[in-house]
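> Let me give you the structure first, and then I'll get to my questions.
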Amino acid sequence: MIETVIRKRIEILSDVALVRRVTDAIDRADITGWTITPVQSGKGRDGHWREERVMGTDKVLVLTIAPEDKAMALAEDIAPILTSHGLLLSMWDVQVIRGERF
Amino acid sequence: MIETVIRKRIEILSDVALVRRVTDAIDRADITGWTITPVQSGKGRDGHWREERVMGTDKVLVLTIAPEDKAMALAEDIAPILTSHGLLLSMWDVQVIRGERF
Amino acid sequence: MIETVIRKRIEILSDVALVRRVTDAIDRADITGWTITPVQSGKGRDGHWREERVMGTDKVLVLTIAPEDKAMALAEDIAPILTSHGLLLSMWDVQVIRGERF
Amino acid sequence: MTPRYGPAMDATTLQTFTSPVVLFFVLGILAALARSDLAIPEAIAKGMSLYLMAAIGLKGGVAVSESGFSVTVVIALVAGIAAGFILPILAFWLIRGFGRLDRINAGAVAAHYGSISVVTFVTAVEILEFQGKPSAGYMVAVMATMESPAILAGLLLARGFGAENGQSMREMLHEVFFNSSVVLLLGAFAIGLIGGTDGFADVSPFFEAGFKGVLCIFLLDMGLIAARRMMDSRAVTWRLGAIAIFLPLVNGAVGTILGTVVGLDVGSAAALGVLCASASYIAVPAAMRLALPEADPGIYLTMSLSITFPFNVLVNIGLISAFASMIAGQGGLVP
Amino acid sequence: MTPRYGPAMDATTLQTFTSPVVLFFVLGILAALARSDLAIPEAIAKGMSLYLMAAIGLKGGVAVSESGFSVTVVIALVAGIAAGFILPILAFWLIRGFGRLDRINAGAVAAHYGSISVVTFVTAVEILEFQGKPSAGYMVAVMATMESPAILAGLLLARGFGAENGQSMREMLHEVFFNSSVVLLLGAFAIGLIGGTDGFADVSPFFEAGFKGVLCIFLLDMGLIAARRMMDSRAVTWRLGAIAIFLPLVNGAVGTILGTVVGLDVGSAAALGVLCASASYIAVPAAMRLALPEADPGIYLTMSLSITFPFNVLVNIGLISAFASMIAGQGGLVP
Amino acid sequence: MTPRYGPAMDATTLQTFTSPVVLFFVLGILAALARSDLAIPEAIAKGMSLYLMAAIGLKGGVAVSESGFSVTVVIALVAGIAAGFILPILAFWLIRGFGRLDRINAGAVAAHYGSISVVTFVTAVEILEFQGKPSAGYMVAVMATMESPAILAGLLLARGFGAENGQSMREMLHEVFFNSSVVLLLGAFAIGLIGGTDGFADVSPFFEAGFKGVLCIFLLDMGLIAARRMMDSRAVTWRLGAIAIFLPLVNGAVGTILGTVVGLDVGSAAALGVLCASASYIAVPAAMRLALPEADPGIYLTMSLSITFPFNVLVNIGLISAFASMIAGQGGLVP
Ligand SMILES: Nc1ncnc2c1ncn2[C@@H]1O[C@H](COP(=O)(O)O)[C@@H](O)[C@H]1O
Ligand SMILES: Nc1ncnc2c1ncn2[C@@H]1O[C@H](COP(=O)(O)O)[C@@H](O)[C@H]1O
Ligand SMILES: Nc1ncnc2c1ncn2[C@@H]1O[C@H](COP(=O)(O)O)[C@@H](O)[C@H]1O
Ligand code: NA
Ligand code: NA
Ligand code: NA
């Protein structure tokens, strides 16, 4: 049977304008890569849909897979701006094949 | 080291036309927010790709993070229409920072 | 309280051109379906953003939910081409309602 | 058959098949059958459909701003709405009986056939104009009002009265009257009416000159989508396939006769025929996912989009046009 | 009130409300208020905004390639930049005092009102041209240079000098000078300047003929977005709402007077007034997310997009145009 | 150098650089170099590329519907296909030897250089027409048939015969002959041929009037993408960079001579030269991901898109055009 190893998968919801800050943090944590997926709309504490996509207020999900220590370093690094920048971070354990890649 | 707490992450695949029903249920469960991401295509029991995106049959993923009890309330609430409305629900535990936000 | 069962959720990042190979493997593993979501950009070992979306080098996420044995069969089947085809696979346990559907 | 009928049909068929609009539709079908990966991005397709609706609405409004409203307009509107309520009943009866579908699915299909397809209408308007039988500008308003009644009719057929609770009934009615195509069609119609020919002059290079070209690319996409769905479809039996050909033939004839009887000119009567013959595949599917989520989209979309729509574009518009000329020309029905 | 003033206002208001461009904006607002699901795909909206900027930039460049640069052009540029730096200060003071916002949010709002809205400008250019008071081609360059100064001013007001560290200051300055609309506007302006009327002839069917039609659909989308945001908004108090009406009135008058005083023709002075009156809702929000992420987009977007923008399009452009004619015609200010 | 050659080159270069089409490409490059965030939405870019292919296909078909097929057309097709098979061999040899790439990557790069770039061709057609040397309508068909042979040739070079198993060979052949650009180009060509000038009249405002404007925006996007990829690239050595300049020079000359020798007119010979000089960056990359997934897109995309494409648009089309005039004018090669 194929061998898998455990890594952390981190997903960060971020304004498009702030993505660079997030990916810079990922690079600083020395993680091998990241993938960005689009977001359509949402509701938060402001209590309203976001649809003004031309307005520079659209969001994306930044997803990255990393070993636990690097993931924690990233979380630590990014925690101070989570609230001020309105980011949302969640992470969980996943199995990956080719663990040496991450 | 930074402190994280455990929350449930729920993802519901839904027809665009039915999203309101899903987000209303999330609001009823008193969850703080949700995020909607696009879906491109898929295959299910009908056995065919969906590409008729102009046709009002396109789907999205509704994703929400909540404490376990609210997540279960949401699942309970939405379970009856899962089959009739062709929704797909999965959920799992995630670590979040700023747990008081959810 | 509503009953949930455990399934594996597998996500595979794949070039659009190679999606057929991935979904064929899912079909071979006798899994009931899959869902494809778009990807905007990313960074990997090549160290560069991908934005040439007209160029046939864009990527998508293929996501499928299956019982553990089928999930493992799929991983086994697809492992040999992971590196050569530049795919990225991660999987984890999720709770689903209506377990008989998967 | 009068001698006038034969040649009319030939010309019709020929003209249809050398028009770029129809040829692009055929190209889409062929490309899908050859399993080519040709595809129009979703956002572009949606953009084109909004453009087509805005343009046809404006054009209709400008035309009515010149001709003015008349009794005929009111009659045409009433005829269209009546057809939207009555045609689904015939369809429902056929689909349950001959088609062997259950009540929910039959109601959903009936709603599709009672409602209309904007693109079929637009294609017909182009072809009719080309054949020298232009339809009146107010037919756009008729089209817009015909979108919704069949949704209500189909729903009642599927669920019976009172089955819906109040909340979802309100939701439905809102969807029926404020769905995006009704709003855009009638809104653009009103803008055309207010602005008139002068107001329109400014924007006509965009909305008029580009119209046929956009229609070409849109039909290319429709051909691709219709044929791909056909190839993947499993839910549609031969009985349902036959109904998807038979209904547009009958509804087209009914609509044309209705139009002629109430006194519309040839082109407008034919346009009403096409509206009756066409089946919705954009607005109604969305409404049905909301109101009848248990109904199978594999059935109603395949029938309306993959069978009826190509049949209308490639064959039936020509037939209806010839039939309208025939019954108008003969003077048989309207002495 | 001179007799010249009254009729000018009436005509203005009338013309505005029968122009398809404005009618589509109203349609969008009404559709959103009726909670219709009408929506323009995001990619199409972005594509249209790029198109409008490229087209207006080209047009301005071609115009200047004919008229040539002059002292007036330089004066207009300087006036625009000065306004971009000074107007945010007035706004900041008002928003902190009367509006009761904290420093960060007040700075963010002030940046929006000091900067400009391309679509408001474009709509004004159309209306002014229609009224026989065309603005000069170089006003496009003025607009492009007015995008950025207010961002810096707002930032300084919010944070004070030296509060930013070096890295993020560099990031900001880069965003300010190379953000996509500045680059596209000035780039297309330069291309128009180099290519001139001859070079433009080739591409004018695309950039000129389609312009007003695209503007219609874009304003439809803006109407939808502005009204939806308004309905969902909670963060905007009546005080802020009043400021969102008061600022464009004052800034518009200031800009028009400024333009008249420095010797611009009527149309260009009115255009400068509109630029001052307009508030950014595309470029500046993106910059503020970057530079002042703690500021609440719910405040600055709702004010600029949902209140000021419709007020400008529907009312204020007409007022400014009339005011420009009045002070130019009277010869009161510029003897 | 004949006297005729010198001025031709000057004029060419000048004309190229004041054409809005090329200026927008340069703007894209500059914006990317300045790290501006200017970007065209993906769906819009795809839509524009479909539009350009449909328009160029239609135009070619209409032209041939007038001129009719002739022996020259067949000869041009054969010449194009032959070039598509033979040029990759030269390229492969160069890339393995001088470029030091392994077999798989060399085969992939060779396939790109043997195939063609639609946008380079379209830009060349515009420039040639502007210079009074229009290319024949059938060159569109030549272009479409040249897309695929090089994919097969590159694959054989990379893998040798028989290395592919049956299934994936079938998959490949299908991709080669039914990939979306081949289908759309040839399909639109056929529609133009069937519809002829009359059928085209209806849709020409859309497909003809808008053409150059769309090309401008598309080249803006290409400039952005090409320059961004260049800046991020790490995989391309100076040896590969040199090949990406050298190959289009040689292939362009070979193609122009080939065209002249087989008797094409000046414009068409130059167009054949441009086709040989151009390297695919849309269809072939997709095919290579499928057939040679181990090959590194970082190499072949950067070479074809970021070096060869700008070189062709900015310099080589001008050179080829002048060269074609020279060898045709001198009568040296074709007495
Ligand atoms: N509980 C949640 N689950 C998922 N997404 C959320 C949740 N709360 C907020 N969001 C997302 O985060 C964005 C900003 O939320 P907020 O910071 O609360 O305004 C929203 O627009 C949503 O897309
Ligand atoms: N096992 C699965 N894993 C992931 N997505 C699925 C699965 N089964 C179905 N889907 C998605 O759910 C949609 C509807 O499926 P169905 O209700 O089976 O027709 C499909 O189009 C897929 O997008
Ligand atoms: N650690 C990672 N986490 C998430 N996505 C990644 C990671 N590494 C690579 N990727 C994605 O995989 C793609 C290919 O990576 P590579 O094969 O390393 O060039 C990148 O463009 C990213 O989208
Ligand atoms: Na009908
Ligand atoms: Na302003
Ligand atoms: Na080539």
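Letters A, B, ... mark the chains of the structure tokens in the order given; residue numbers begin at 1 per chain; ligand numbers begin at 1, in order shown.
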Please return as number ranges by chain the residues found within 10 Å of ligand 2, counting only C-alpha atoms and all ligand atoms.

B: 12-15, 39-51, 57-61, 82-90; C: 7-11, 26, 30-37, 62-67, 101-102; D: 296-298

> Keeping C-alpha atoms for every residue in the selection just given, could you write it to a file as a PDB file, in the first residue's frame?


ATOM      1  CA  ILE B  12     -21.882  22.479   1.012  1.00  0.00           C
ATOM      2  CA  LEU B  13     -22.077  22.018  -2.735  1.00  0.00           C
ATOM      3  CA  SER B  14     -25.247  23.699  -3.932  1.00  0.00           C
ATOM      4  CA  ASP B  15     -26.965  24.856  -7.083  1.00  0.00           C
ATOM      5  CA  VAL B  39     -17.319  25.459  -9.132  1.00  0.00           C
ATOM      6  CA  GLN B  40     -16.452  24.688 -12.719  1.00  0.00           C
ATOM      7  CA  SER B  41     -17.960  21.327 -13.488  1.00  0.00           C
ATOM      8  CA  GLY B  42     -18.568  17.916 -12.048  1.00  0.00           C
ATOM      9  CA  LYS B  43     -19.919  14.427 -12.392  1.00  0.00           C
ATOM     10  CA  GLY B  44     -22.517  12.767 -10.226  1.00  0.00           C
ATOM     11  CA  ARG B  45     -24.933   9.892 -10.452  1.00  0.00           C
ATOM     12  CA  ASP B  46     -26.464  11.389 -13.594  1.00  0.00           C
ATOM     13  CA  GLY B  47     -23.154  10.539 -15.129  1.00  0.00           C
ATOM     14  CA  HIS B  48     -22.499  13.684 -17.075  1.00  0.00           C
ATOM     15  CA  TRP B  49     -20.398  16.764 -17.043  1.00  0.00           C
ATOM     16  CA  ARG B  50     -22.131  19.971 -16.321  1.00  0.00           C
ATOM     17  CA  GLU B  51     -21.082  22.754 -18.580  1.00  0.00           C
ATOM     18  CA  THR B  57     -27.752  24.900 -13.303  1.00  0.00           C
ATOM     19  CA  ASP B  58     -24.309  25.914 -12.197  1.00  0.00           C
ATOM     20  CA  LYS B  59     -23.133  25.152  -8.692  1.00  0.00           C
ATOM     21  CA  VAL B  60     -21.039  26.775  -5.993  1.00  0.00           C
ATOM     22  CA  LEU B  61     -19.366  25.701  -2.776  1.00  0.00           C
ATOM     23  CA  LEU B  82     -29.956  17.322   1.039  1.00  0.00           C
ATOM     24  CA  THR B  83     -31.374  14.613  -1.201  1.00  0.00           C
ATOM     25  CA  SER B  84     -34.306  16.473  -2.690  1.00  0.00           C
ATOM     26  CA  HIS B  85     -32.172  19.504  -3.504  1.00  0.00           C
ATOM     27  CA  GLY B  86     -29.127  17.558  -4.643  1.00  0.00           C
ATOM     28  CA  LEU B  87     -26.820  19.184  -2.073  1.00  0.00           C
ATOM     29  CA  LEU B  88     -23.525  17.639  -0.932  1.00  0.00           C
ATOM     30  CA  LEU B  89     -22.263  18.312   2.595  1.00  0.00           C
ATOM     31  CA  SER B  90     -18.962  17.441   4.215  1.00  0.00           C
TER      32      SER B  90
ATOM     33  CA  ARG C   7     -15.199   9.363   4.228  1.00  0.00           C
ATOM     34  CA  LYS C   8     -11.982  10.511   2.599  1.00  0.00           C
ATOM     35  CA  ARG C   9     -11.908  13.786   0.781  1.00  0.00           C
ATOM     36  CA  ILE C  10      -9.224  13.921  -1.891  1.00  0.00           C
ATOM     37  CA  GLU C  11      -8.100  17.063  -3.656  1.00  0.00           C
ATOM     38  CA  ILE C  26     -11.549   8.458 -10.343  1.00  0.00           C
ATOM     39  CA  ASP C  30     -15.461   3.357  -9.000  1.00  0.00           C
ATOM     40  CA  ILE C  31     -16.081   6.580  -7.074  1.00  0.00           C
ATOM     41  CA  THR C  32     -19.514   8.137  -7.547  1.00  0.00           C
ATOM     42  CA  GLY C  33     -18.476  11.574  -8.706  1.00  0.00           C
ATOM     43  CA  TRP C  34     -16.156  14.537  -8.551  1.00  0.00           C
ATOM     44  CA  THR C  35     -16.260  18.307  -8.579  1.00  0.00           C
ATOM     45  CA  ILE C  36     -13.843  20.662 -10.284  1.00  0.00           C
ATOM     46  CA  THR C  37     -13.070  24.125  -8.937  1.00  0.00           C
ATOM     47  CA  VAL C  62     -10.377  18.136  -8.678  1.00  0.00           C
ATOM     48  CA  LEU C  63     -12.177  17.192  -5.501  1.00  0.00           C
ATOM     49  CA  THR C  64     -13.784  13.866  -4.756  1.00  0.00           C
ATOM     50  CA  ILE C  65     -15.276  12.194  -1.703  1.00  0.00           C
ATOM     51  CA  ALA C  66     -15.000   8.438  -1.359  1.00  0.00           C
ATOM     52  CA  PRO C  67     -14.747   5.611   1.171  1.00  0.00           C
ATOM     53  CA  ARG C 101     -24.196   8.130  -1.523  1.00  0.00           C
ATOM     54  CA  PHE C 102     -20.407   7.849  -1.627  1.00  0.00           C
TER      55      PHE C 102
ATOM     56  CA  ASP D 296     -34.473  16.079 -12.791  1.00  0.00           C
ATOM     57  CA  PRO D 297     -32.624  18.772 -14.793  1.00  0.00           C
ATOM     58  CA  GLY D 298     -31.274  15.946 -16.941  1.00  0.00           C
TER      59      GLY D 298
END

> Set the cut-off to 8 Å and count only C-alpha atoms: what are the residues of chain F that reach chain D? Output as number ranges by chain.

F: 43-44, 46-47, 50, 175, 178-181, 183-184, 187-188, 191-192, 194-195, 199-200, 202-207

> So that I have them on file, write out the residues from the current selection with N, CA and C atoms, as a PDB file, in the first residue's frame.


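The result, stored in result_1.pdb:
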ATOM      1  N   ALA F  43     -11.152  35.470 -18.719  1.00  0.00           N
ATOM      2  CA  ALA F  43     -12.273  35.162 -19.608  1.00  0.00           C
ATOM      3  C   ALA F  43     -12.303  36.119 -20.789  1.00  0.00           C
ATOM      4  N   ILE F  44     -11.952  37.372 -20.541  1.00  0.00           N
ATOM      5  CA  ILE F  44     -11.923  38.355 -21.618  1.00  0.00           C
ATOM      6  C   ILE F  44     -10.824  38.008 -22.604  1.00  0.00           C
ATOM      7  N   LYS F  46      -9.552  35.072 -23.230  1.00  0.00           N
ATOM      8  CA  LYS F  46      -9.962  33.899 -24.018  1.00  0.00           C
ATOM      9  C   LYS F  46     -11.009  34.288 -25.046  1.00  0.00           C
ATOM     10  N   GLY F  47     -11.953  35.106 -24.627  1.00  0.00           N
ATOM     11  CA  GLY F  47     -12.984  35.557 -25.554  1.00  0.00           C
ATOM     12  C   GLY F  47     -12.382  36.302 -26.734  1.00  0.00           C
ATOM     13  N   LEU F  50     -10.770  33.878 -29.151  1.00  0.00           N
ATOM     14  CA  LEU F  50     -11.778  33.208 -29.979  1.00  0.00           C
ATOM     15  C   LEU F  50     -12.301  34.147 -31.056  1.00  0.00           C
ATOM     16  N   GLU F 175      -6.297  15.365 -30.262  1.00  0.00           N
ATOM     17  CA  GLU F 175      -5.928  16.714 -29.822  1.00  0.00           C
ATOM     18  C   GLU F 175      -5.331  17.501 -30.980  1.00  0.00           C
ATOM     19  N   PHE F 178      -8.320  18.086 -33.673  1.00  0.00           N
ATOM     20  CA  PHE F 178      -9.563  18.728 -33.242  1.00  0.00           C
ATOM     21  C   PHE F 178      -9.346  19.710 -32.105  1.00  0.00           C
ATOM     22  N   ASN F 179      -8.126  20.214 -31.948  1.00  0.00           N
ATOM     23  CA  ASN F 179      -7.956  21.203 -30.889  1.00  0.00           C
ATOM     24  C   ASN F 179      -8.724  22.457 -31.249  1.00  0.00           C
ATOM     25  N   SER F 180      -9.052  23.236 -30.238  1.00  0.00           N
ATOM     26  CA  SER F 180     -10.065  24.269 -30.443  1.00  0.00           C
ATOM     27  C   SER F 180      -9.674  25.286 -31.509  1.00  0.00           C
ATOM     28  N   SER F 181      -8.389  25.620 -31.621  1.00  0.00           N
ATOM     29  CA  SER F 181      -8.096  26.662 -32.612  1.00  0.00           C
ATOM     30  C   SER F 181      -8.195  26.133 -34.038  1.00  0.00           C
ATOM     31  N   VAL F 183     -10.237  23.818 -35.051  1.00  0.00           N
ATOM     32  CA  VAL F 183     -11.671  23.698 -35.344  1.00  0.00           C
ATOM     33  C   VAL F 183     -12.286  25.065 -35.630  1.00  0.00           C
ATOM     34  N   LEU F 184     -11.940  26.046 -34.802  1.00  0.00           N
ATOM     35  CA  LEU F 184     -12.564  27.352 -34.980  1.00  0.00           C
ATOM     36  C   LEU F 184     -12.067  28.035 -36.252  1.00  0.00           C
ATOM     37  N   GLY F 187     -13.434  26.036 -39.205  1.00  0.00           N
ATOM     38  CA  GLY F 187     -14.887  26.169 -39.210  1.00  0.00           C
ATOM     39  C   GLY F 187     -15.320  27.539 -39.708  1.00  0.00           C
ATOM     40  N   ALA F 188     -14.697  28.579 -39.177  1.00  0.00           N
ATOM     41  CA  ALA F 188     -15.060  29.925 -39.612  1.00  0.00           C
ATOM     42  C   ALA F 188     -14.668  30.131 -41.068  1.00  0.00           C
ATOM     43  N   ILE F 191     -17.367  28.637 -43.049  1.00  0.00           N
ATOM     44  CA  ILE F 191     -18.567  29.476 -43.016  1.00  0.00           C
ATOM     45  C   ILE F 191     -18.401  30.675 -43.951  1.00  0.00           C
ATOM     46  N   GLY F 192     -17.214  31.274 -43.946  1.00  0.00           N
ATOM     47  CA  GLY F 192     -16.946  32.374 -44.861  1.00  0.00           C
ATOM     48  C   GLY F 192     -17.057  31.935 -46.314  1.00  0.00           C
ATOM     49  N   ILE F 194     -18.849  29.378 -47.487  1.00  0.00           N
ATOM     50  CA  ILE F 194     -20.246  29.082 -47.827  1.00  0.00           C
ATOM     51  C   ILE F 194     -21.053  30.377 -47.947  1.00  0.00           C
ATOM     52  N   GLY F 195     -20.885  31.233 -46.946  1.00  0.00           N
ATOM     53  CA  GLY F 195     -21.694  32.445 -46.922  1.00  0.00           C
ATOM     54  C   GLY F 195     -21.271  33.465 -47.975  1.00  0.00           C
ATOM     55  N   GLY F 199     -23.256  36.828 -47.413  1.00  0.00           N
ATOM     56  CA  GLY F 199     -23.542  36.307 -46.083  1.00  0.00           C
ATOM     57  C   GLY F 199     -22.747  37.047 -45.028  1.00  0.00           C
ATOM     58  N   PHE F 200     -21.541  37.477 -45.403  1.00  0.00           N
ATOM     59  CA  PHE F 200     -20.642  38.126 -44.471  1.00  0.00           C
ATOM     60  C   PHE F 200     -21.072  39.557 -44.162  1.00  0.00           C
ATOM     61  N   ASP F 202     -23.730  40.911 -43.305  1.00  0.00           N
ATOM     62  CA  ASP F 202     -24.498  41.003 -42.061  1.00  0.00           C
ATOM     63  C   ASP F 202     -23.637  41.095 -40.813  1.00  0.00           C
ATOM     64  N   VAL F 203     -22.606  40.286 -40.788  1.00  0.00           N
ATOM     65  CA  VAL F 203     -21.841  40.174 -39.551  1.00  0.00           C
ATOM     66  C   VAL F 203     -20.539  40.959 -39.604  1.00  0.00           C
ATOM     67  N   SER F 204     -20.277  41.607 -40.737  1.00  0.00           N
ATOM     68  CA  SER F 204     -18.983  42.275 -40.853  1.00  0.00           C
ATOM     69  C   SER F 204     -18.803  43.448 -39.879  1.00  0.00           C
ATOM     70  N   PRO F 205     -19.875  44.177 -39.493  1.00  0.00           N
ATOM     71  CA  PRO F 205     -19.616  45.243 -38.508  1.00  0.00           C
ATOM     72  C   PRO F 205     -18.959  44.678 -37.249  1.00  0.00           C
ATOM     73  N   PHE F 206     -19.379  43.481 -36.878  1.00  0.00           N
ATOM     74  CA  PHE F 206     -18.829  42.900 -35.665  1.00  0.00           C
ATOM     75  C   PHE F 206     -17.433  42.340 -35.906  1.00  0.00           C
ATOM     76  N   PHE F 207     -17.289  41.556 -36.967  1.00  0.00           N
ATOM     77  CA  PHE F 207     -16.034  40.838 -37.145  1.00  0.00           C
ATOM     78  C   PHE F 207     -14.959  41.669 -37.825  1.00  0.00           C
TER      79      PHE F 207
END

> What is the distance, in Å and to one decimal place, between atom CA of Gly107 of chain F and atom CA of Met288 of chain F?

9.6 Å

> Could you pull out all residues of segment 18-62 of chain F with a DSSP call of alpha helix (DSSP H) and give them as a VMD selection string?

chain F and resid 18 20 to 33 42 to 62

> Taking only C-alpha atoms and all ligand atoms into account, which residues are within 8 Å of ligand 6, as a PyMOL selection string?

chain F and resi 84+87+112-117+248+251+274-280

> So which residues touch segment 253-267 of chain E within 10 Å, counting only C-alpha atoms, skipping near sequence neighbours fewer than 6 positions away, as a PyMOL selection string?

chain E and resi 72-73+75-76+79-80+83+87+124-125+128-129+131-136+139+247+273-277+319-329+331+333-335

> Figure out the distance between atom CA of Val176 of chain F and atom CA of Arg229 of chain D, please, to one decimal in Å.

23.7 Å

> With only C-alpha atoms and all ligand atoms as the basis for distance, which of E:Ala63, E:Leu173, E:Val250, E:Ala242 is at the shortest distance from ligand 5?

E:Val250

> I'd like the interatomic distance between atom 9 (C, counted along the ligand's line) of ligand 3 and atom CA of Gln95 of chain A, to a tenth of an Å.

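Interatomic distance, atom 9 (C, counted along the ligand's line) of ligand 3 to atom CA of Gln95 of chain A: 15.2 Å.
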
> Run DSSP on the backbone and tell me which residues of chain A come out as strand (DSSP E or B); list them as an MDAnalysis selection string.

chainID A and resid 5:15 34:38 41:43 59:66 88:96

> Can you tell me which residues surround Val5 of chain B at a distance of at most 10 Å, considering only C-alpha atoms, apart from same-chain residues fewer than 5 positions away, and format the answer as a list in words?

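That gives Ser90 of chain A; Pro67, Asp93, Val94, Gln95, Val96, Ile97, Arg98, Gly99 and Glu100 of chain B.
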
> Just all heavy atoms for this one: save the residues we selected as a compact mmCIF listing (two decimals), in the first residue's frame.


# COMPACT_ATOMS: atom_id res chain seq x y z
N SER A 90 -7.59 29.02 8.59
CA SER A 90 -7.89 27.73 9.20
C SER A 90 -6.88 26.71 8.69
O SER A 90 -6.37 26.84 7.59
CB SER A 90 -9.32 27.28 8.90
OG SER A 90 -9.50 27.02 7.54
N PRO B 67 -18.44 26.71 15.58
CA PRO B 67 -18.23 25.75 16.66
C PRO B 67 -19.07 24.50 16.41
O PRO B 67 -20.10 24.56 15.73
CB PRO B 67 -18.72 26.49 17.91
CG PRO B 67 -19.20 27.81 17.47
CD PRO B 67 -19.04 27.95 16.02
N ASP B 93 -12.83 18.84 11.28
CA ASP B 93 -12.28 19.73 12.29
C ASP B 93 -11.11 20.53 11.74
O ASP B 93 -10.26 19.98 11.02
CB ASP B 93 -11.77 18.91 13.49
CG ASP B 93 -12.92 18.37 14.32
OD1 ASP B 93 -14.01 18.97 14.27
OD2 ASP B 93 -12.74 17.33 14.98
N VAL B 94 -11.07 21.80 12.07
CA VAL B 94 -9.92 22.62 11.69
C VAL B 94 -9.47 23.42 12.90
O VAL B 94 -10.23 23.64 13.84
CB VAL B 94 -10.26 23.60 10.54
CG1 VAL B 94 -10.65 22.85 9.29
CG2 VAL B 94 -11.36 24.57 10.95
N GLN B 95 -8.19 23.82 12.87
CA GLN B 95 -7.69 24.73 13.90
C GLN B 95 -7.83 26.14 13.39
O GLN B 95 -7.52 26.42 12.22
CB GLN B 95 -6.20 24.48 14.14
CG GLN B 95 -5.84 23.11 14.70
CD GLN B 95 -4.36 22.84 14.50
OE1 GLN B 95 -3.98 22.22 13.52
NE2 GLN B 95 -3.53 23.32 15.42
N VAL B 96 -8.29 27.03 14.23
CA VAL B 96 -8.33 28.44 13.84
C VAL B 96 -7.65 29.29 14.92
O VAL B 96 -7.57 28.88 16.08
CB VAL B 96 -9.76 28.97 13.63
CG1 VAL B 96 -10.46 28.21 12.53
CG2 VAL B 96 -10.56 28.89 14.92
N ILE B 97 -7.14 30.41 14.50
CA ILE B 97 -6.65 31.41 15.45
C ILE B 97 -7.82 32.37 15.68
O ILE B 97 -8.74 32.42 14.88
CB ILE B 97 -5.44 32.16 14.85
CG1 ILE B 97 -4.47 31.14 14.25
CG2 ILE B 97 -4.73 32.99 15.90
CD1 ILE B 97 -3.21 31.76 13.68
N ARG B 98 -7.79 33.14 16.72
CA ARG B 98 -8.90 34.04 17.01
C ARG B 98 -10.22 33.29 17.09
O ARG B 98 -11.19 33.62 16.41
CB ARG B 98 -9.04 35.13 15.92
CG ARG B 98 -7.86 36.03 15.75
CD ARG B 98 -8.27 37.23 14.92
NE ARG B 98 -8.66 36.85 13.58
CZ ARG B 98 -9.53 37.51 12.83
NH1 ARG B 98 -10.10 38.59 13.28
NH2 ARG B 98 -9.81 37.10 11.63
N GLY B 99 -10.25 32.22 17.94
CA GLY B 99 -11.43 31.36 18.01
C GLY B 99 -12.70 32.10 18.40
O GLY B 99 -13.80 31.70 18.03
N GLU B 100 -12.54 33.22 19.12
CA GLU B 100 -13.72 33.94 19.58
C GLU B 100 -14.50 34.52 18.41
O GLU B 100 -15.66 34.87 18.55
CB GLU B 100 -13.30 35.06 20.55
CG GLU B 100 -12.56 36.24 19.91
CD GLU B 100 -11.15 35.92 19.47
OE1 GLU B 100 -10.67 34.79 19.72
OE2 GLU B 100 -10.51 36.77 18.83

> Based on only C-alpha atoms, which of the residues in chain D come within 9 Å of chain B? I want them as a ChimeraX atom specification.

/D:42-43,45-46,49,222,225-226,228-229,232-235,281-290,292-295,297-298,301

> Which of these, B:Trp92, B:Ile2, B:Asp77, B:Glu68, has the shortest distance to chain C once you count only C-alpha atoms?

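Between B:Trp92, B:Ile2, B:Asp77, B:Glu68, the residue approaching chain C most closely is B:Trp92.
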
> Between E:Tyr138, E:Phe85, E:Tyr51, E:Phe98, which residue has the minimum interatomic distance to Ala111 of chain E, considering only C-alpha atoms?

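Looking at the shortest contact to Ala111 of chain E, the residue is E:Phe85.
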
> If you count only C-alpha atoms, which residues fall within 8 Å of Val118 of chain D, apart from same-chain ones fewer than 2 positions away, as a list in words?

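Skipping anything fewer than 2 positions along the chain leaves Met53, Ile116, Thr120, Phe121, Val122, Met143 and Ser280 of chain D.
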